[in-house]
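Accompanying notes for the structure given below.
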Amino acid sequence: MDKFRISVAVAVFVREEGDKIAPHRCAFYDRDGKIYLPNEPVTVERHANQVAMNIIKWVVPVDPRLLSITPIGFFDPILKNTELRADREVVLGYRVIISPGMPVLKDLEFKDHEELKLAFDRVNPAHFRVFRVGLFY
């Protein structure tokens, strides 16, 4: 029986002066040897959009109407092993763009693509995919 989980991951990008087209620095947790986006599971009580708004309000404590919030799609890991596939986690990604000076949760660190490439073995693969799509969305 399939028991896959669904979670929401939020890629918070800050728009900086040097960003010509799109922002390139994204907020990640860097804890216990792992790098990952702010995320929470979807539950029976809370739908994906409710989970996303809870994360966003927690991470960026400003009126959400001041933010650019965009759903960027589902990220389903490609697993060849059918036993692993039944227990996989599907991630729904959201992109949030903030302006410089907006408050952001203190334990998040802004990283760009180069910094993530250097530490790629520590980055959650699904969250890296959300980040990459958020960069070019």
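Chain identifiers are assigned as A, B, and so on, following the order in which chains appear in the structure tokens; residues are numbered from 1 within each chain, and ligands are numbered from 1 in order of appearance.
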Report the closest atom pair, with its distance in Å rounded to one decimal, for each residue of range 39-79 of chain A that has an atom no farther than 6 Å from range 93-99 of chain A; count only C-alpha atoms, sort by chain and then rising residue number, and write it as a tab-separated table.
```
residue	atom	partner	partner_atom	distance
A:Leu67	CA	A:Ile98	CA	6.0
A:Ser68	CA	A:Ile97	CA	5.2
A:Ile69	CA	A:Val96	CA	4.6
A:Thr70	CA	A:Arg95	CA	5.1
A:Pro71	CA	A:Tyr94	CA	4.3
A:Ile72	CA	A:Tyr94	CA	5.4
A:Gly73	CA	A:Gly93	CA	5.6
```
Those residues you just picked out, can you put them in a file as a JSON list (two decimals), in the first residue's frame with C-alpha atoms?
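selection03.json, freshly written:
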```json
[["chain", "number", "residue", "atom", "x", "y", "z"],
["A", 67, "LEU", "CA", 5.27, 39.57, -0.31],
["A", 68, "SER", "CA", 5.36, 37.98, -3.72],
["A", 69, "ILE", "CA", 4.17, 34.39, -3.08],
["A", 70, "THR", "CA", 4.02, 31.91, -5.96],
["A", 71, "PRO", "CA", 3.34, 28.16, -5.95],
["A", 72, "ILE", "CA", 5.97, 26.52, -8.16],
["A", 73, "GLY", "CA", 4.72, 22.95, -8.30]]
```
I'd like the contact shell of range 105-110 of chain A - 6 Å cut-off, only C-alpha atoms, skipping same-chain residues fewer than 6 positions apart - returned as a count of residues only.
6
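CA of Asn39 in chain A lies 18.4 Å from CA of Val62 in chain A.
Between CA of Val51 in chain A and CA of Pro64 in chain A there is a distance of 13.7 Å.
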DSSP on the backbone, then: every residue of chain A marked strand (DSSP E), written as a PyMOL selection string.
chain A and resi 5-14+25-31+34-36+39-41+68-75+89-98+109-111
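All residues of range 37-83 of chain A that DSSP, run on the backbone, classes as alpha helix (DSSP H) are Ala48, Asn49, Gln50, Val51, Ala52, Met53, Asn54, Ile55, Ile56, Lys57, Trp58, Val59, Thr82 and Glu83 of chain A.
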Find the residues near Lys111 in chain A: any atom within 12 Å, counting only C-alpha atoms, skip ones fewer than 3 places away on the same chain, and give them as a count of residues only.
26
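By only C-alpha atoms, and with residues fewer than 6 positions from Glu89 in chain A along its chain excluded, the set lying at most 12 Å from it is Asp2, Lys3, Phe4, Arg5, Ile6, Ser7, Val8, Ala9, Glu40, Pro41, Val42, Phe74, Phe75, Asp76, Pro77, Ile78, Leu79, Asn124, Pro125, Ala126 and His127 of chain A.
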Selection above as a file: C-alpha atoms, as a PDB file, in the first residue's frame:
```
ATOM      1  CA  ASP A   2       1.321   3.462  -0.926  1.00  0.00           C
ATOM      2  CA  LYS A   3       1.989   5.686   2.076  1.00  0.00           C
ATOM      3  CA  PHE A   4       3.733   8.621   0.477  1.00  0.00           C
ATOM      4  CA  ARG A   5       3.814  11.871   2.406  1.00  0.00           C
ATOM      5  CA  ILE A   6       3.222  15.401   1.161  1.00  0.00           C
ATOM      6  CA  SER A   7       5.066  18.352   2.598  1.00  0.00           C
ATOM      7  CA  VAL A   8       5.428  22.030   1.756  1.00  0.00           C
ATOM      8  CA  ALA A   9       8.834  23.667   1.278  1.00  0.00           C
ATOM      9  CA  GLU A  40       6.298  21.204   7.193  1.00  0.00           C
ATOM     10  CA  PRO A  41       4.093  18.226   6.367  1.00  0.00           C
ATOM     11  CA  VAL A  42       0.566  18.573   5.028  1.00  0.00           C
ATOM     12  CA  PHE A  74       5.057  19.446  -6.924  1.00  0.00           C
ATOM     13  CA  PHE A  75       8.421  17.718  -6.707  1.00  0.00           C
ATOM     14  CA  ASP A  76       8.131  13.945  -6.749  1.00  0.00           C
ATOM     15  CA  PRO A  77      11.432  12.116  -6.272  1.00  0.00           C
ATOM     16  CA  ILE A  78      12.394   9.780  -9.094  1.00  0.00           C
ATOM     17  CA  LEU A  79      12.985   6.437  -7.407  1.00  0.00           C
ATOM     18  CA  ASN A 124      18.183  17.928   0.795  1.00  0.00           C
ATOM     19  CA  PRO A 125      17.765  16.887  -2.894  1.00  0.00           C
ATOM     20  CA  ALA A 126      14.044  17.730  -3.073  1.00  0.00           C
ATOM     21  CA  HIS A 127      14.650  21.123  -1.502  1.00  0.00           C
TER      22      HIS A 127
END
```
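Between CA of Leu92 in chain A and CA of Val133 in chain A the separation is 11.7 Å.
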Quick one: residues within 9 Å of Pro100 in chain A, only C-alpha atoms, excluding same-chain residues fewer than 5 positions away - as a PyMOL selection string?
chain A and resi 14-17
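Using only C-alpha atoms, the nearest neighbour of Arg65 in chain A within the list A:Met53, A:Ala48, A:Leu135, A:Val104 is A:Met53.
If only C-alpha atoms are the atoms counted, then among A:Val130, A:Leu66, A:Ile55, A:Met102 the closest residue to Val90 in chain A is A:Val130.
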